[in-house]
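To start, the structure itself, in structure tokens.
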Amino acid sequence: MVTARSHPQRRPDVLTRVGHTVLETLQIIGEAGFLLLGTVRRIRLRRRTIERTIEQLVRIGTDTLPLAFLVSLFVGMVLVIQAAEQLVQYTQAILGSIVGLAMTKELGPVIMAFLIAGRAGSAIAAEIGSMNVNDEINALKTMDIDPIEFLSVPRFVALTLALPMLVLYADLIGIAGGALAVSFDPAVKIGVQQYIDNLTQWINLTDVFVGLFKGLVFAVIVAVMACTFGFRTKGGAEGVAASTTAAVVWSFVLIIIFDYIIVRLAILL
Amino acid sequence: MTTSGQVSIDIRGLCKAFNGTPVLRGIDLHIEAGETMVIVGGSGEGKSVLLRHIAGLERQDSGTIRFNGIDVQEYLQLPPDEKPFRLSMVFQGSALLNSLTVAGNVGLRLREHRTHPEPEIQRIVAACLDAVELEGTEDRLPGELSGGMRKRVAVARALAIEPQIILYDEPTADLDPILTGQIGALIKRIQEIRGTTQVVVAHNVALAGEIGTHIAVLHEGRVIDQQPARELSRSINPYTQQFIRAADLRRG
């Protein structure tokens, strides 16, 4: 009996796959870099741009406030309870500084950046991605409308304004959450006044500004990655889904990497 | 440009390959100013790719596209207010911006380039919607419209800038025969009233015969036949005959 021999398609070897991934990564970084430069160069105070930026600010900033409130409040409370447990044999008098420093320098910026990347970054990548696959971006081009100025600039500006403000908001709510836990949790043996006194003694404006600067950098990362993956979307719904996931994953990874770089530089300076 | 402000399109030796696969293999096509050229051909023959090259959305590997002697790339580099003529495109899926209302879509280019004061833009938008029989839909979102209405809004958007060239990519795809007839009549009316140079990519040979002044048949990346619309059925080209017979068979 003669049987048909199947010839399974050869999978590329490990080296080819690694090479492909490296090239793809470099291409994404290059595209993101060019998009960042192109977006910054196109920022102008035009009435239509301002209107679109305000629209994005409302979508990104205002709509995120309730979620940011909940997350920050509970992070503050968890910090107090965790630290109180560890400090029970030493002193809980430093709870205020622990929560304050953790929120302003680290958790406020990083958690808000993750929240914005997951919520606004994915929405931006999906929106621009579906516009891309539905020829809406090509339609803009045939109308002599620059897609970067029309789509990227308002989202970039809105994110860079919204995220530092959200970081400040998260800092305050997180500290308030810590105070709330201090007031009712049986594991905490200090009063709210002592918590606040310790916090104000240790936190200075530089700590807050470092956090805000981180927020600004993270906002640039989220905006650029979301727009980059939106613009490079190919295919139909599957392509949009892949771009959205990639935008969020890249944002998360870059946020952590740049967090380390900023902390290192801040310590050196 | 001609004295009447009309624009001719001249395509010579246009070649394009994607990932090494040739799609356009030397297109030669001349479209007279003010005529409606319908490009027909089977699926995957490169009709839409050709149209996207004319719109400047793709860059050719070789060959030229000229509008009244101006190279397409040279035309694209010009600032919007310095372009000697305007070009619009109606996309297969309409490509309306879903976040904008019908009026927002139709008046988008005028508002972005601040070519007219707002009351004038509103008047133009109303006139364009009137021309496509969609008056009163200004405040509706594209998601609230039927496929045929979306197509007509896309035509209204194309008309709003008073273009000298309009490109249509499968304007009647997925539409029922009545809507197909309406869109066809609209394209014919635009050519008759405005004298706009139009290039229409279509599958529907009957529609092509009704709306086109000339018909070009694309096969294997080349224009293999080009006839005045009324004479297409008398073409001696075997592929054209096969294409017409298949279309007749489908219509019963």
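Scheme for the structure tokens: letters A, B, ... for chains in order shown; per-chain residue numbers from 1; ligand numbers from 1 in order shown.
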
Q. Within 12 Å of Asp130 (chain B), counting only C-alpha atoms, which residues qualify if same-chain residues fewer than 3 places away don't, as a ChimeraX atom specification?
A. /B:103,106,123-127,133-138,152-153,155-157,159-160,186

Tell me, counting only C-alpha atoms, for each residue of chain A within 12 Å of chain B, which pair of atoms is nearest and how far apart they are in Å to one decimal, in rows ordered by chain and increasing number, as a Markdown table.
```
| residue | atom | partner | partner_atom | distance |
| --- | --- | --- | --- | --- |
| A:Arg46 | CA | B:Glu112 | CA | 10.1 |
| A:Arg47 | CA | B:Glu112 | CA | 10.0 |
| A:Arg48 | CA | B:Glu112 | CA | 7.4 |
| A:Thr49 | CA | B:Glu112 | CA | 9.6 |
| A:Arg52 | CA | B:Ser99 | CA | 11.4 |
| A:Glu55 | CA | B:Ser99 | CA | 11.3 |
| A:Glu127 | CA | B:Ser99 | CA | 9.9 |
| A:Ile128 | CA | B:Leu97 | CA | 10.8 |
| A:Ser130 | CA | B:Asn98 | CA | 10.3 |
| A:Met131 | CA | B:Leu97 | CA | 7.7 |
| A:Asn132 | CA | B:Ala95 | CA | 9.5 |
| A:Val133 | CA | B:Ala95 | CA | 9.5 |
| A:Asn134 | CA | B:Ala95 | CA | 5.9 |
| A:Asp135 | CA | B:Ala95 | CA | 5.4 |
| A:Glu136 | CA | B:Ala95 | CA | 4.7 |
| A:Ile137 | CA | B:Ala95 | CA | 8.3 |
| A:Asn138 | CA | B:Leu57 | CA | 7.0 |
| A:Ala139 | CA | B:Ala95 | CA | 6.4 |
| A:Leu140 | CA | B:Arg109 | CA | 8.4 |
| A:Lys141 | CA | B:Leu57 | CA | 7.8 |
| A:Thr142 | CA | B:Ser88 | CA | 6.3 |
| A:Met143 | CA | B:Arg109 | CA | 5.8 |
| A:Asp144 | CA | B:Pro80 | CA | 6.3 |
| A:Ile145 | CA | B:Arg109 | CA | 7.2 |
| A:Asp146 | CA | B:Glu112 | CA | 9.9 |
| A:Pro147 | CA | B:Glu112 | CA | 11.7 |
| A:Glu149 | CA | B:Glu112 | CA | 10.7 |
| A:Phe150 | CA | B:Glu112 | CA | 9.1 |
| A:Leu151 | CA | B:Leu97 | CA | 11.6 |
```

Q) Which residues, written as a ChimeraX atom specification, have at least one atom at most 8 Å from Gly42 (chain B), with only C-alpha atoms counted and residues fewer than 4 positions away on the same chain left out? A) /B:203,218-219

Emit the selected residues as a PDB file, in the first residue's frame, including N, CA and C atoms.
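result_9.pdb, written as the output of this step:
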```pdb
ATOM      1  N   HIS B 203     -16.836  44.757  -8.797  1.00  0.00           N
ATOM      2  CA  HIS B 203     -16.990  43.381  -9.263  1.00  0.00           C
ATOM      3  C   HIS B 203     -18.150  43.296 -10.245  1.00  0.00           C
ATOM      4  N   LEU B 218      -8.799  44.129 -15.323  1.00  0.00           N
ATOM      5  CA  LEU B 218      -7.506  43.803 -14.718  1.00  0.00           C
ATOM      6  C   LEU B 218      -7.396  42.289 -14.555  1.00  0.00           C
ATOM      7  N   HIS B 219      -6.290  41.745 -14.993  1.00  0.00           N
ATOM      8  CA  HIS B 219      -6.097  40.301 -14.847  1.00  0.00           C
ATOM      9  C   HIS B 219      -4.608  40.030 -14.674  1.00  0.00           C
TER      10      HIS B 219
END
```

Q.
Show me, as a ChimeraX atom specification, the residues that have an atom within 8 Å of Arg222 (chain B) when counting only C-alpha atoms, minus same-chain residues fewer than 2 positions from it.
A. /B:24-28,218-220,224

Generate the output file for the selected residues, N, CA and C atoms, as a PDB file, in the first residue's frame.
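Writing done, so here's selection.pdb:
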```
ATOM      1  N   LEU B  24       0.946  43.876  -8.911  1.00  0.00           N
ATOM      2  CA  LEU B  24       0.787  44.693 -10.118  1.00  0.00           C
ATOM      3  C   LEU B  24       2.037  44.465 -10.972  1.00  0.00           C
ATOM      4  N   ARG B  25       1.814  44.115 -12.253  1.00  0.00           N
ATOM      5  CA  ARG B  25       2.961  43.712 -13.081  1.00  0.00           C
ATOM      6  C   ARG B  25       3.141  44.613 -14.286  1.00  0.00           C
ATOM      7  N   GLY B  26       2.999  45.911 -14.079  1.00  0.00           N
ATOM      8  CA  GLY B  26       3.183  46.832 -15.192  1.00  0.00           C
ATOM      9  C   GLY B  26       1.847  47.352 -15.707  1.00  0.00           C
ATOM     10  N   ILE B  27       1.175  48.109 -14.846  1.00  0.00           N
ATOM     11  CA  ILE B  27      -0.141  48.660 -15.220  1.00  0.00           C
ATOM     12  C   ILE B  27       0.067  49.904 -16.089  1.00  0.00           C
ATOM     13  N   ASP B  28      -0.578  49.922 -17.231  1.00  0.00           N
ATOM     14  CA  ASP B  28      -0.625  51.117 -18.070  1.00  0.00           C
ATOM     15  C   ASP B  28      -2.093  51.502 -18.218  1.00  0.00           C
ATOM     16  N   LEU B 218      -8.799  44.129 -15.323  1.00  0.00           N
ATOM     17  CA  LEU B 218      -7.506  43.803 -14.718  1.00  0.00           C
ATOM     18  C   LEU B 218      -7.396  42.289 -14.555  1.00  0.00           C
ATOM     19  N   HIS B 219      -6.290  41.745 -14.993  1.00  0.00           N
ATOM     20  CA  HIS B 219      -6.097  40.301 -14.847  1.00  0.00           C
ATOM     21  C   HIS B 219      -4.608  40.030 -14.674  1.00  0.00           C
ATOM     22  N   GLU B 220      -4.289  39.255 -13.647  1.00  0.00           N
ATOM     23  CA  GLU B 220      -2.907  38.908 -13.326  1.00  0.00           C
ATOM     24  C   GLU B 220      -1.997  40.131 -13.273  1.00  0.00           C
ATOM     25  N   ILE B 224      -5.712  44.157 -19.167  1.00  0.00           N
ATOM     26  CA  ILE B 224      -5.681  43.334 -20.393  1.00  0.00           C
ATOM     27  C   ILE B 224      -6.707  43.809 -21.410  1.00  0.00           C
TER      28      ILE B 224
END
```

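Computed from the coordinates, the CA of Lys151 (chain B) to CA of Pro171 (chain B) distance equals 7.0 Å.
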
Q) Quick one, how far is CA of Phe184 (chain A) from CA of Val78 (chain A)? A)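 That distance, rounded to one decimal, is 12.8 Å.
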
Find the residues near Ala223 (chain A): any atom within 10 Å, counting only C-alpha atoms, skip ones fewer than 5 places away on the same chain, and give them as a PDB file with C-alpha atoms, in the first residue's frame.
```pdb
ATOM      1  CA  ALA A  32       8.179  53.934  19.401  1.00  0.00           C
ATOM      2  CA  LEU A  36       7.619  59.876  20.452  1.00  0.00           C
ATOM      3  CA  ILE A 116      -3.608  53.625  33.400  1.00  0.00           C
ATOM      4  CA  ALA A 117      -1.711  51.151  31.191  1.00  0.00           C
ATOM      5  CA  ALA A 120      -6.394  53.733  29.115  1.00  0.00           C
ATOM      6  CA  GLY A 121      -3.364  52.218  27.328  1.00  0.00           C
ATOM      7  CA  SER A 122      -5.303  49.149  26.240  1.00  0.00           C
ATOM      8  CA  ILE A 124      -5.996  53.581  23.099  1.00  0.00           C
ATOM      9  CA  ALA A 125      -4.229  50.633  21.428  1.00  0.00           C
ATOM     10  CA  SER A 152      -1.377  60.521  19.012  1.00  0.00           C
ATOM     11  CA  VAL A 153      -0.888  64.124  20.200  1.00  0.00           C
ATOM     12  CA  PRO A 154      -4.150  64.481  22.211  1.00  0.00           C
ATOM     13  CA  ARG A 155      -3.716  61.073  23.853  1.00  0.00           C
ATOM     14  CA  PHE A 156      -0.054  61.734  24.655  1.00  0.00           C
ATOM     15  CA  VAL A 157      -0.720  65.169  26.161  1.00  0.00           C
ATOM     16  CA  ALA A 158      -3.775  63.946  28.086  1.00  0.00           C
ATOM     17  CA  LEU A 159      -1.844  61.018  29.584  1.00  0.00           C
ATOM     18  CA  THR A 160       1.169  63.123  30.559  1.00  0.00           C
ATOM     19  CA  PHE A 218       5.422  56.338  32.973  1.00  0.00           C
ATOM     20  CA  THR A 228       2.804  52.497  18.566  1.00  0.00           C
ATOM     21  CA  ALA A 247       0.803  47.460  24.394  1.00  0.00           C
ATOM     22  CA  SER A 251       4.119  49.215  29.143  1.00  0.00           C
TER      23      SER A 251
END
```

Q. How many Å separate CA of Met225 (chain A) from CA of Ile262 (chain A)?
A.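 According to the coordinates, CA of Met225 (chain A) and CA of Ile262 (chain A) are separated by 19.0 Å.
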
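Candidate residues A:Gln27, A:Val182, A:Leu161, A:Val18 were compared for distance to Thr62 (chain A), and the nearest is A:Leu161, using only C-alpha atoms.
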
(Q) Could you go through region 166-202 of chain B and tell me which residues DSSP, when run on the backbone, assigns to alpha helix (DSSP H), listing them as number ranges by chain? (A) B: 177-194

Mind writing the picked residues with C-alpha atoms as a PDB file, in the first residue's frame?
```
ATOM      1  CA  PRO B 177     -29.601  45.428  -5.545  1.00  0.00           C
ATOM      2  CA  ILE B 178     -31.734  48.474  -4.659  1.00  0.00           C
ATOM      3  CA  LEU B 179     -28.933  50.148  -2.678  1.00  0.00           C
ATOM      4  CA  THR B 180     -26.454  49.155  -5.397  1.00  0.00           C
ATOM      5  CA  GLY B 181     -28.629  50.970  -7.906  1.00  0.00           C
ATOM      6  CA  GLN B 182     -28.851  54.041  -5.653  1.00  0.00           C
ATOM      7  CA  ILE B 183     -25.076  54.251  -5.166  1.00  0.00           C
ATOM      8  CA  GLY B 184     -24.546  53.679  -8.901  1.00  0.00           C
ATOM      9  CA  ALA B 185     -26.964  56.486  -9.765  1.00  0.00           C
ATOM     10  CA  LEU B 186     -25.185  58.744  -7.277  1.00  0.00           C
ATOM     11  CA  ILE B 187     -21.771  58.097  -8.863  1.00  0.00           C
ATOM     12  CA  LYS B 188     -23.207  58.742 -12.325  1.00  0.00           C
ATOM     13  CA  ARG B 189     -24.870  61.974 -11.143  1.00  0.00           C
ATOM     14  CA  ILE B 190     -21.590  63.236  -9.613  1.00  0.00           C
ATOM     15  CA  GLN B 191     -19.810  62.723 -12.926  1.00  0.00           C
ATOM     16  CA  GLU B 192     -22.593  64.368 -14.930  1.00  0.00           C
ATOM     17  CA  ILE B 193     -23.132  67.386 -12.686  1.00  0.00           C
ATOM     18  CA  ARG B 194     -19.630  68.039 -11.345  1.00  0.00           C
TER      19      ARG B 194
END
```
